[in-house]
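Dropping upload_34.cif in here (mmCIF, C-alpha atoms and all ligand atoms):
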```
data_entry
loop_
_atom_site.label_atom_id
_atom_site.label_comp_id
_atom_site.auth_asym_id
_atom_site.auth_seq_id
_atom_site.Cartn_x
_atom_site.Cartn_y
_atom_site.Cartn_z
CA MET B 28 -87.11 136.12 -75.92
CA ASN B 29 -84.29 134.79 -78.10
CA ALA B 30 -82.12 137.34 -79.85
CA PRO B 31 -82.82 137.48 -83.62
CA VAL B 32 -80.45 135.26 -85.61
CA PRO B 33 -78.18 137.42 -87.79
CA PRO B 34 -78.66 136.60 -91.49
CA GLN B 35 -75.97 134.40 -93.03
CA LEU B 36 -74.92 136.35 -96.13
CA PRO B 37 -72.33 135.39 -98.73
CA PRO B 38 -69.62 138.07 -99.06
CA ASP B 39 -70.98 139.40 -102.35
CA GLU B 40 -74.37 140.15 -100.73
CA VAL B 41 -73.09 141.97 -97.64
CA PHE B 42 -73.52 145.35 -99.31
CA ASP B 43 -76.81 144.57 -101.07
CA TRP B 44 -78.57 146.95 -98.68
CA LEU B 45 -76.74 149.83 -100.37
CA ASP B 46 -78.73 149.22 -103.57
CA ALA B 47 -81.94 149.70 -101.62
CA GLU B 48 -80.52 152.92 -100.12
CA ALA B 49 -79.58 154.20 -103.60
CA GLU B 50 -83.11 153.42 -104.82
CA LYS B 51 -84.59 155.31 -101.87
CA ARG B 52 -82.44 158.34 -102.69
CA ALA B 53 -83.43 158.11 -106.37
CA GLY B 54 -87.12 157.91 -105.43
CA ALA B 55 -86.78 161.07 -103.34
CA GLY B 56 -84.89 162.97 -106.07
CA LEU B 57 -81.72 162.92 -103.96
CA THR B 58 -79.25 161.13 -106.24
CA ARG B 59 -75.96 163.03 -106.38
CA LYS B 60 -73.62 162.87 -109.36
CA LEU B 61 -70.06 164.07 -109.60
CA ARG B 62 -69.44 166.36 -112.59
CA PRO B 63 -65.65 166.71 -112.83
CA ARG B 64 -64.68 169.95 -114.54
CA PRO B 65 -61.64 170.39 -116.77
CA ALA B 66 -58.76 172.70 -115.82
CA VAL B 67 -59.82 175.13 -118.50
CA ASP B 68 -63.48 175.63 -117.84
CA HIS B 69 -65.82 177.23 -120.35
CA GLU B 70 -68.87 177.27 -118.09
CA LEU B 71 -69.75 180.37 -116.08
CA ASP B 72 -69.25 179.07 -112.53
CA LEU B 73 -71.92 180.33 -110.17
CA ALA B 74 -71.87 177.18 -108.04
CA GLY B 75 -68.52 177.42 -106.23
CA ASN B 76 -67.74 179.36 -103.06
CA ASP B 77 -64.91 181.47 -104.46
CA TYR B 78 -66.71 184.73 -103.58
CA LEU B 79 -63.71 186.98 -104.13
CA GLY B 80 -62.41 185.19 -107.23
CA LEU B 81 -59.11 184.41 -105.47
CA ALA B 82 -58.78 180.65 -106.07
CA ARG B 83 -57.05 181.24 -109.42
CA ASP B 84 -55.47 184.57 -108.54
CA LYS B 85 -51.77 184.27 -109.41
CA ARG B 86 -50.70 185.73 -106.05
CA VAL B 87 -52.71 183.06 -104.23
CA ALA B 88 -52.13 180.02 -106.49
CA GLY B 89 -48.48 181.07 -106.86
CA ALA B 90 -48.04 181.16 -103.08
CA ALA B 91 -49.49 177.64 -102.88
CA ALA B 92 -47.07 176.36 -105.52
CA ALA B 93 -44.06 178.03 -103.93
CA ALA B 94 -44.96 176.72 -100.46
CA ALA B 95 -45.38 173.16 -101.77
CA LEU B 96 -41.89 173.33 -103.27
CA ARG B 97 -40.39 174.83 -100.11
CA TRP B 98 -42.24 172.93 -97.36
CA GLY B 99 -43.43 169.80 -99.18
CA ALA B 100 -46.70 168.58 -100.64
CA GLY B 101 -48.11 167.59 -97.25
CA ALA B 102 -47.59 168.63 -93.63
CA THR B 103 -46.37 165.06 -92.84
CA GLY B 104 -48.10 164.77 -89.51
CA SER B 105 -50.62 166.10 -87.03
CA ARG B 106 -50.11 169.49 -85.41
CA THR B 107 -49.05 167.89 -82.14
CA GLY B 108 -46.69 165.57 -84.03
CA SER B 109 -44.36 166.69 -86.79
CA GLY B 110 -46.99 168.59 -88.78
CA SER B 111 -46.95 172.01 -87.08
CA LEU B 112 -45.25 174.50 -89.40
CA GLU B 113 -44.22 178.11 -88.89
CA LEU B 114 -46.61 178.77 -91.77
CA HIS B 115 -49.56 177.60 -89.63
CA THR B 116 -48.53 179.89 -86.78
CA GLU B 117 -48.17 182.84 -89.14
CA LEU B 118 -51.61 182.13 -90.65
CA GLU B 119 -53.16 181.87 -87.18
CA HIS B 120 -51.59 185.13 -86.13
CA GLU B 121 -52.79 186.92 -89.28
CA LEU B 122 -56.32 185.50 -89.09
CA ALA B 123 -56.70 186.57 -85.47
CA ARG B 124 -55.27 190.03 -86.21
CA PHE B 125 -57.54 190.51 -89.24
CA CYS B 126 -60.71 189.44 -87.44
CA GLY B 127 -59.93 191.13 -84.13
CA ALA B 128 -59.83 187.86 -82.16
CA GLN B 129 -57.38 187.08 -79.36
CA ALA B 130 -56.17 183.92 -81.04
CA ALA B 131 -56.86 181.43 -83.83
CA LEU B 132 -56.30 177.75 -84.51
CA VAL B 133 -56.07 176.37 -88.04
CA PHE B 134 -57.72 173.04 -88.92
CA SER B 135 -57.57 170.96 -92.10
CA SER B 136 -61.07 172.12 -93.13
CA GLY B 137 -64.03 174.19 -92.04
CA PHE B 138 -65.86 170.95 -91.39
CA THR B 139 -63.22 169.67 -88.94
CA ALA B 140 -62.96 173.13 -87.33
CA ASN B 141 -66.68 173.03 -86.57
CA LEU B 142 -66.61 169.42 -85.36
CA GLY B 143 -63.66 170.18 -83.10
CA ALA B 144 -65.00 173.41 -81.66
CA ILE B 145 -68.51 172.15 -80.95
CA THR B 146 -67.46 168.85 -79.37
CA ALA B 147 -64.62 170.31 -77.29
CA LEU B 148 -66.75 173.20 -75.99
CA SER B 149 -69.77 171.12 -74.99
CA GLY B 150 -69.90 167.50 -73.75
CA ALA B 151 -72.26 165.43 -71.62
CA ASP B 152 -72.71 168.11 -68.96
CA ALA B 153 -73.67 170.82 -71.46
CA ALA B 154 -76.73 171.89 -73.37
CA ILE B 155 -76.48 172.99 -77.00
CA VAL B 156 -79.16 175.25 -78.44
CA THR B 157 -79.25 175.64 -82.21
CA ASP B 158 -81.31 176.90 -85.11
CA LYS B 159 -82.96 174.20 -87.28
CA HIS B 160 -81.36 175.53 -90.49
CA LEU B 161 -77.77 174.80 -89.46
CA HIS B 162 -75.10 173.77 -91.97
CA PRO B 163 -74.50 169.97 -91.86
CA ALA B 164 -70.99 170.46 -90.39
CA LEU B 165 -72.58 172.02 -87.32
CA ILE B 166 -75.30 169.39 -87.14
CA GLU B 167 -72.64 166.65 -87.13
CA GLY B 168 -70.73 168.49 -84.39
CA CYS B 169 -73.88 168.62 -82.27
CA ARG B 170 -74.55 164.91 -82.88
CA LEU B 171 -71.05 163.97 -81.76
CA SER B 172 -71.11 166.26 -78.73
CA ARG B 173 -72.99 164.03 -76.24
CA ALA B 174 -74.69 167.24 -75.07
CA ASP B 175 -78.45 167.77 -74.73
CA VAL B 176 -79.28 169.34 -78.09
CA ALA B 177 -82.33 171.56 -78.67
CA ALA B 178 -82.79 172.63 -82.31
CA VAL B 179 -85.38 175.40 -82.40
CA ALA B 180 -87.40 177.03 -85.19
CA HIS B 181 -85.35 178.95 -87.75
CA ALA B 182 -84.58 182.62 -87.00
CA THR B 183 -86.49 182.66 -83.71
CA PRO B 184 -84.29 184.18 -80.97
CA SER B 185 -87.20 183.92 -78.51
CA ALA B 186 -87.10 180.12 -78.91
CA ILE B 187 -83.33 180.14 -78.29
CA LYS B 188 -83.91 182.16 -75.10
CA HIS B 189 -86.62 179.76 -73.95
CA ALA B 190 -84.41 176.72 -74.56
CA LEU B 191 -81.55 178.37 -72.63
CA ALA B 192 -83.83 179.27 -69.73
CA THR B 193 -85.31 175.76 -69.45
CA ARG B 194 -82.15 173.68 -69.98
CA ARG B 195 -81.22 170.93 -67.56
CA LYS B 196 -77.46 171.17 -67.90
CA PRO B 197 -75.25 173.76 -66.18
CA ARG B 198 -73.16 174.78 -69.20
CA ALA B 199 -74.69 175.92 -72.46
CA LEU B 200 -73.48 176.69 -75.97
CA VAL B 201 -75.58 178.41 -78.62
CA VAL B 202 -74.48 177.26 -82.07
CA THR B 203 -75.47 179.22 -85.16
CA ASP B 204 -74.48 180.02 -88.71
CA ALA B 205 -73.89 183.75 -89.24
CA VAL B 206 -75.37 183.51 -92.73
CA PHE B 207 -77.67 180.53 -93.23
CA SER B 208 -76.84 178.33 -96.22
CA ALA B 209 -80.39 177.65 -97.38
CA ASP B 210 -81.67 181.20 -97.82
CA GLY B 211 -78.58 183.35 -97.32
CA ASP B 212 -80.27 185.19 -94.43
CA LEU B 213 -78.36 186.61 -91.46
CA ALA B 214 -78.63 185.39 -87.87
CA ALA B 215 -79.49 188.06 -85.30
CA LEU B 216 -76.01 187.81 -83.76
CA GLY B 217 -76.40 190.78 -81.40
CA GLU B 218 -79.63 189.40 -79.98
CA LEU B 219 -78.20 185.90 -79.69
CA ALA B 220 -75.14 187.23 -77.85
CA GLY B 221 -77.48 189.13 -75.49
CA ALA B 222 -79.48 185.94 -74.85
CA CYS B 223 -76.29 184.01 -74.14
CA ARG B 224 -75.16 186.66 -71.66
CA ALA B 225 -78.53 186.67 -69.91
CA HIS B 226 -78.32 182.89 -69.47
CA GLY B 227 -74.60 182.26 -68.84
CA ALA B 228 -74.04 180.58 -72.19
CA ALA B 229 -71.27 180.79 -74.80
CA LEU B 230 -71.97 181.62 -78.45
CA LEU B 231 -70.36 179.74 -81.35
CA VAL B 232 -70.84 181.36 -84.76
CA ASN B 233 -69.97 179.63 -88.03
CA ASP B 234 -69.01 182.53 -90.30
CA ALA B 235 -68.29 180.40 -93.38
CA LEU B 236 -70.46 182.58 -95.61
CA GLY B 237 -69.74 185.93 -93.96
CA PHE B 238 -65.96 185.86 -93.56
CA GLY B 239 -64.36 187.74 -96.46
CA VAL B 240 -67.53 189.47 -97.58
CA LEU B 241 -69.34 190.96 -94.57
CA GLY B 242 -68.09 193.58 -92.14
CA GLU B 243 -65.32 196.11 -92.57
CA GLY B 244 -63.11 194.94 -95.46
CA GLY B 245 -64.51 191.40 -95.18
CA ARG B 246 -63.72 190.89 -91.47
CA GLY B 247 -66.91 188.89 -91.20
CA ALA B 248 -70.33 188.93 -89.57
CA VAL B 249 -69.00 188.53 -86.03
CA HIS B 250 -66.79 191.60 -86.46
CA ALA B 251 -69.71 193.49 -88.04
CA ALA B 252 -71.89 192.64 -85.03
CA GLY B 253 -69.30 194.15 -82.67
CA LEU B 254 -68.50 190.74 -81.16
CA ALA B 255 -64.88 190.36 -82.30
CA GLY B 256 -62.66 189.74 -79.29
CA ALA B 257 -65.61 189.07 -76.97
CA PRO B 258 -64.71 186.71 -74.09
CA ASP B 259 -67.75 184.48 -74.64
CA VAL B 260 -67.87 184.25 -78.45
CA VAL B 261 -66.11 181.72 -80.68
CA THR B 262 -66.05 181.96 -84.47
CA THR B 263 -65.41 179.24 -87.03
CA VAL B 264 -64.48 179.92 -90.64
CA THR B 265 -63.53 177.98 -93.73
CA LEU B 266 -60.49 179.10 -95.71
CA ALA B 267 -62.04 177.50 -98.81
CA ASN B 268 -64.71 180.11 -99.53
CA SER B 269 -63.63 183.75 -99.64
CA LEU B 270 -59.93 182.96 -99.41
CA GLY B 271 -60.12 180.53 -102.34
CA ALA B 272 -57.77 178.14 -100.50
CA GLN B 273 -58.50 175.12 -98.30
CA GLY B 274 -58.72 174.59 -94.56
CA GLY B 275 -60.62 176.01 -91.63
CA ALA B 276 -60.01 177.95 -88.43
CA VAL B 277 -61.48 178.69 -85.03
CA LEU B 278 -61.07 182.22 -83.66
CA GLY B 279 -61.71 183.24 -80.09
CA PRO B 280 -60.42 183.85 -76.59
CA ARG B 281 -56.87 182.58 -75.96
CA ARG B 282 -58.00 180.02 -73.37
CA VAL B 283 -60.58 178.58 -75.78
CA ILE B 284 -57.94 178.20 -78.49
CA ARG B 285 -55.56 176.53 -76.05
CA HIS B 286 -58.30 174.12 -74.94
CA LEU B 287 -59.05 173.19 -78.57
CA ALA B 288 -55.37 172.69 -79.39
CA GLU B 289 -55.12 170.26 -76.48
CA SER B 290 -58.44 168.46 -76.72
CA ALA B 291 -60.36 168.87 -80.02
CA ARG B 292 -60.15 165.41 -81.58
CA SER B 293 -60.52 166.63 -85.17
CA PHE B 294 -57.43 168.79 -84.53
CA LEU B 295 -55.31 166.29 -82.58
CA PHE B 296 -55.87 163.24 -84.76
CA ASP B 297 -55.84 164.80 -88.21
CA THR B 298 -52.93 165.60 -90.51
CA ALA B 299 -52.20 169.32 -90.36
CA LEU B 300 -53.25 171.64 -93.17
CA ALA B 301 -51.03 171.20 -96.26
CA PRO B 302 -48.35 173.90 -96.63
CA GLY B 303 -49.70 174.99 -100.03
CA SER B 304 -53.17 175.58 -98.59
CA ALA B 305 -51.82 177.51 -95.58
CA ALA B 306 -49.69 179.71 -97.85
CA ALA B 307 -52.60 180.27 -100.25
CA ALA B 308 -54.85 181.36 -97.38
CA LEU B 309 -52.15 183.72 -96.08
CA ALA B 310 -51.66 185.23 -99.54
CA ALA B 311 -55.42 185.62 -100.02
CA LEU B 312 -55.67 187.37 -96.66
CA GLY B 313 -52.95 189.74 -97.86
CA VAL B 314 -54.90 190.44 -101.05
CA LEU B 315 -58.05 191.14 -99.04
CA ARG B 316 -56.17 193.51 -96.74
CA ALA B 317 -54.73 195.35 -99.75
CA GLU B 318 -58.02 195.38 -101.66
CA PRO B 319 -60.81 195.69 -99.08
CA ALA B 320 -63.28 196.74 -101.78
CA LEU B 321 -63.36 193.11 -103.01
CA ALA B 322 -65.78 192.25 -100.18
CA ALA B 323 -68.32 194.89 -101.22
CA LYS B 324 -67.97 193.88 -104.88
CA ALA B 325 -69.08 190.33 -104.10
CA ILE B 326 -72.07 191.59 -102.12
CA ASP B 327 -73.00 194.05 -104.86
CA ALA B 328 -72.80 191.32 -107.52
CA ALA B 329 -75.14 189.14 -105.44
CA GLY B 330 -77.59 192.03 -105.01
CA ASN B 331 -77.46 192.69 -108.75
CA ILE B 332 -78.22 189.05 -109.65
CA ALA B 333 -80.99 188.82 -107.05
CA GLY B 334 -82.55 192.09 -108.23
CA HIS B 335 -82.70 190.87 -111.84
CA LEU B 336 -84.11 187.48 -110.83
CA LYS B 337 -86.72 189.06 -108.58
CA ALA B 338 -87.75 191.40 -111.41
CA ALA B 339 -88.11 188.31 -113.64
CA GLY B 340 -90.59 186.90 -111.08
CA PHE B 341 -88.43 184.29 -109.35
CA ARG B 342 -88.89 183.57 -105.66
CA VAL B 343 -85.70 185.19 -104.39
CA GLU B 344 -84.85 187.13 -101.24
CA LEU B 345 -82.43 190.02 -101.49
CA PRO B 346 -79.17 188.47 -100.26
CA GLU B 347 -77.29 189.48 -97.11
CA ALA B 348 -73.98 188.02 -98.36
CA ALA B 349 -72.63 186.57 -101.63
CA VAL B 350 -75.12 183.75 -102.16
CA VAL B 351 -78.50 184.06 -103.83
CA SER B 352 -81.12 181.39 -103.17
CA VAL B 353 -84.00 180.72 -105.55
CA ARG B 354 -86.86 178.68 -104.13
CA VAL B 355 -87.68 175.55 -106.12
CA PRO B 356 -90.75 173.35 -105.59
CA SER B 357 -88.99 169.94 -105.40
CA PRO B 358 -85.59 168.20 -105.50
CA GLU B 359 -86.34 166.81 -108.98
CA VAL B 360 -87.09 170.31 -110.32
CA ALA B 361 -83.94 171.69 -108.70
CA VAL B 362 -81.79 169.00 -110.36
CA SER B 363 -83.33 169.32 -113.82
CA TRP B 364 -83.15 173.14 -113.71
CA ALA B 365 -79.49 173.10 -112.65
CA GLU B 366 -78.72 170.54 -115.40
CA ALA B 367 -80.49 172.66 -118.02
CA CYS B 368 -78.45 175.71 -116.92
CA ALA B 369 -75.21 173.69 -117.17
CA GLU B 370 -76.13 172.61 -120.72
CA GLN B 371 -76.35 176.29 -121.58
CA GLY B 372 -72.97 177.06 -120.03
CA VAL B 373 -73.97 178.33 -116.56
CA ARG B 374 -73.18 176.22 -113.50
CA VAL B 375 -75.42 176.86 -110.50
CA GLY B 376 -75.67 175.02 -107.18
CA CYS B 377 -78.49 172.71 -106.31
CA LEU B 378 -79.46 172.55 -102.62
CA ARG B 379 -81.44 169.50 -101.56
CA PRO B 380 -81.64 167.62 -98.25
CA PRO B 381 -79.46 166.85 -96.39
CA SER B 382 -77.60 170.05 -97.45
CA VAL B 383 -80.69 171.93 -96.34
CA PRO B 384 -83.61 170.98 -94.05
CA ASP B 385 -86.14 168.44 -95.32
CA GLY B 386 -88.73 169.96 -97.63
CA VAL B 387 -86.51 172.89 -98.57
CA CYS B 388 -84.94 172.99 -102.05
CA ARG B 389 -83.10 175.86 -103.65
CA LEU B 390 -80.97 176.79 -106.62
CA ARG B 391 -77.86 178.44 -105.19
CA ILE B 392 -76.27 181.16 -107.28
CA THR B 393 -72.94 182.32 -105.93
CA ALA B 394 -71.78 185.81 -106.80
CA ARG B 395 -68.11 186.64 -107.19
CA ALA B 396 -66.27 189.94 -106.91
CA ASP B 397 -64.94 189.45 -110.45
CA LEU B 398 -68.28 188.89 -112.22
CA THR B 399 -68.87 191.23 -115.16
CA GLU B 400 -72.17 192.81 -116.18
CA SER B 401 -72.26 190.43 -119.16
CA ASP B 402 -71.78 187.41 -116.81
CA VAL B 403 -74.77 188.60 -114.79
CA ASP B 404 -76.84 189.12 -117.97
CA LYS B 405 -75.94 185.64 -119.18
CA ALA B 406 -76.85 184.06 -115.85
CA VAL B 407 -80.23 185.77 -115.69
CA LYS B 408 -81.02 184.93 -119.34
CA VAL B 409 -80.11 181.26 -118.93
CA LEU B 410 -82.00 180.90 -115.63
CA SER B 411 -85.06 182.51 -117.22
CA ALA B 412 -84.88 180.47 -120.44
CA THR B 413 -84.58 177.17 -118.56
CA ALA B 414 -86.97 177.95 -115.71
CA PRO B 415 -89.35 175.08 -115.00
CA HIS B 416 -93.09 175.53 -114.65
CA GLY B 417 -93.89 176.93 -111.20
CA ALA B 418 -90.49 178.57 -110.62
CA THR B 419 -91.88 182.07 -110.88
CA SER B 420 -94.55 183.50 -108.63
C1 LIG S 1 -71.55 177.17 -95.59
C2 LIG S 1 -70.46 176.21 -95.36
N1 LIG S 1 -69.84 175.63 -96.39
C3 LIG S 1 -68.85 174.76 -96.19
C4 LIG S 1 -68.42 174.41 -94.93
C5 LIG S 1 -67.34 173.40 -94.79
O1 LIG S 1 -66.11 174.00 -94.87
P1 LIG S 1 -64.96 173.18 -95.58
O2 LIG S 1 -65.38 173.00 -96.99
O3 LIG S 1 -63.75 174.03 -95.41
O4 LIG S 1 -64.86 171.88 -94.87
C6 LIG S 1 -69.01 175.00 -93.86
C7 LIG S 1 -68.62 174.74 -92.52
O5 LIG S 1 -68.10 173.79 -92.09
C8 LIG S 1 -70.06 175.89 -94.10
O6 LIG S 1 -70.71 176.43 -93.09
#
```

As structure tokens, please, write out the structure in this file.
Ligand SMILES: Cc1ncc(COP(=O)(O)O)c(C=O)c1O
Amino acid sequence: MNAPVPPQLPPDEVFDWLDAEAEKRAGAGLTRKLRPRPAVDHELDLAGNDYLGLARDKRVAGAAAAAALRWGAGATGSRTGSGSLELHTELEHELARFCGAQAALVFSSGFTANLGAITALSGADAAIVTDKHLHPALIEGCRLSRADVAAVAHATPSAIKHALATRRKPRALVVTDAVFSADGDLAALGELAGACRAHGAALLVNDALGFGVLGEGGRGAVHAAGLAGAPDVVTTVTLANSLGAQGGAVLGPRRVIRHLAESARSFLFDTALAPGSAAAALAALGVLRAEPALAAKAIDAAGNIAGHLKAAGFRVELPEAAVVSVRVPSPEVAVSWAEACAEQGVRVGCLRPPSVPDGVCRLRITARADLTESDVDKAVKVLSATAPHGATS
């Protein structure tokens, strides 16, 4: 059989296929629009990830500004080139000390930290076993890994155990979120660690939603599960959520961190974290150490919002961390509800595929440690007043 002849397209038609893709997304209710916000924002922001309200804290933002003036606007190179700063080392040391890990490695984002950790700790002679509700950063890491990947039913440790027991590859890595993005529920970390130990596997936990809010003084879900410092557990975090900064990190055994620093491609071939972001994360960590009650305040605020919404009849689970998820029947309803809230001065998140698994849509309401009772009242009133038909049970 002859190979199909490639179409001869004029240059201005080469990207015509993108219009069809955009139409497909529109038909499925998955169009995404950017809504730039002004520096002085009059909306109540319940869509960001600034759980502790530290992004605009003067100690944190001031540290970023001072570091940019002292070290420069950018790191100027990769960590193995000219970009490694004493600031990075100090941040790594403090992160590891705070979380009880042997060592830490800072990346330019949580996304690159997850890509780097998953790919460098798996490979073609490994099996990866995951939960189907993983954050997209983890899914991309698994796709790039060249490992055999088994994604099992959500929150089903027995399925993880089965996949580990029946794998065809000698090495295995279980990859999970600590707190799942879609519903804000917690992974059974103790049970997963037990399964890994029974089957000679390592456990990688993405604690993006738990770090800063769960565990003693915000030390995270891995610390709370008694797994900090374990020889077979690796944790990833973003510095952009609870710390209100930017960047990501991997925490774990010293030999894992060394391996990542020498082989994780999203570490080696990426410009190092900007000095301002590293300094902001360090300052935020200092604030969290000095004010450990911030973590519980964020959790309490989430529980308060969820309790009010549940009482108003919305389909809400009581949250395990700082995010509250409200079930919504379709992507279109999620978008129009979030837009109606924004028109009334309350910004909420809108979770549609591929942020969450197909068929699952949510409004995401993010609590913050600095929310007042009147903020919570306003949020509940606006969500109730704008609720679409079918949003309550
Ligand atoms: C819940 C969640 N949000 C965001 C991110 C991405 O982090 P960042 O924004 O630092 O890239 C991750 C992980 O990569 C995550 O798990």

#### Entry: Nearby residues (all atoms listed in the file) at most 7 Å from stretch 384-397 of chain B, same-chain spacing under 3 positions excluded, as a ChimeraX atom specification
/B:73-80,160,321,324-325,328-329,349-358,361,375-381

### Query
B:His181: which residues within 10 Å, counting all atoms listed in the file, same-chain residues fewer than 6 positions away excluded, as a VMD selection string?
chain B and resid 157 to 161 187 207 214

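The residue set within 10 Å of B:Ala100, counting all atoms listed in the file and dropping same-chain residues fewer than 5 places from it, reads Ala91, Ala92, Ala94, Ala95, Ala301, Pro302, Gly303 and Ser304 of chain B.
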
### Option closest in space to B:Val373, from B:Asn331, B:Pro319, B:Val403, B:His416 [counting only C-alpha atoms]
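The shortest atom-to-atom distance to B:Val373 comes from B:Val403.
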
### Task
Select the residues contacting ligand LIG 1 (chain S) at a distance of at most 10 Å, based on all atoms listed in the file, then format the selection as number ranges by chain.
B: 76, 134-142, 161-168, 203-209, 211, 232-237, 263-268, 272-276, 350, 382

### Query
Near B:His286, counting all atoms listed in the file, which residues have an atom at most 10 Å away, once you skip same-chain residues fewer than 6 positions from it, shown as a PyMOL selection string?
chain B and resi 144+147-148

### Message
One decimal, in Å: what's the spacing between atom CA of B:His226 and atom CA of B:Ala199?
### Response
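According to the coordinates, atom CA of B:His226 and atom CA of B:Ala199 are separated by 8.4 Å.
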
### Message
With distances taken over all atoms listed in the file, which residue among B:Leu241, B:Leu300, B:Ala186, B:Leu231 lies nearest B:Thr103?
### Response
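Distance minimum relative to B:Thr103 lands on B:Leu300.
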
### Query
Can you tell me how far atom CA of B:Gly372 sits from atom CA of B:Arg86, in Å to one decimal?
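Distance reported for this atom pair: 27.7 Å.
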
### Task
Determine, counting all atoms listed in the file, which protein, DNA and RNA residues have an atom within 12 Å of an atom of B:Ser185; residues of the same chain fewer than 5 positions away are not included. Present the result as JSON, numbers by chain.
{"B": [156, 158, 179, 180, 190, 191, 192, 215, 218, 219, 221, 222, 223]}

#### Entry: Interatomic distance, atom CA of B:Trp364 to atom CA of B:Ala322 (Å, one decimal)
29.2 Å
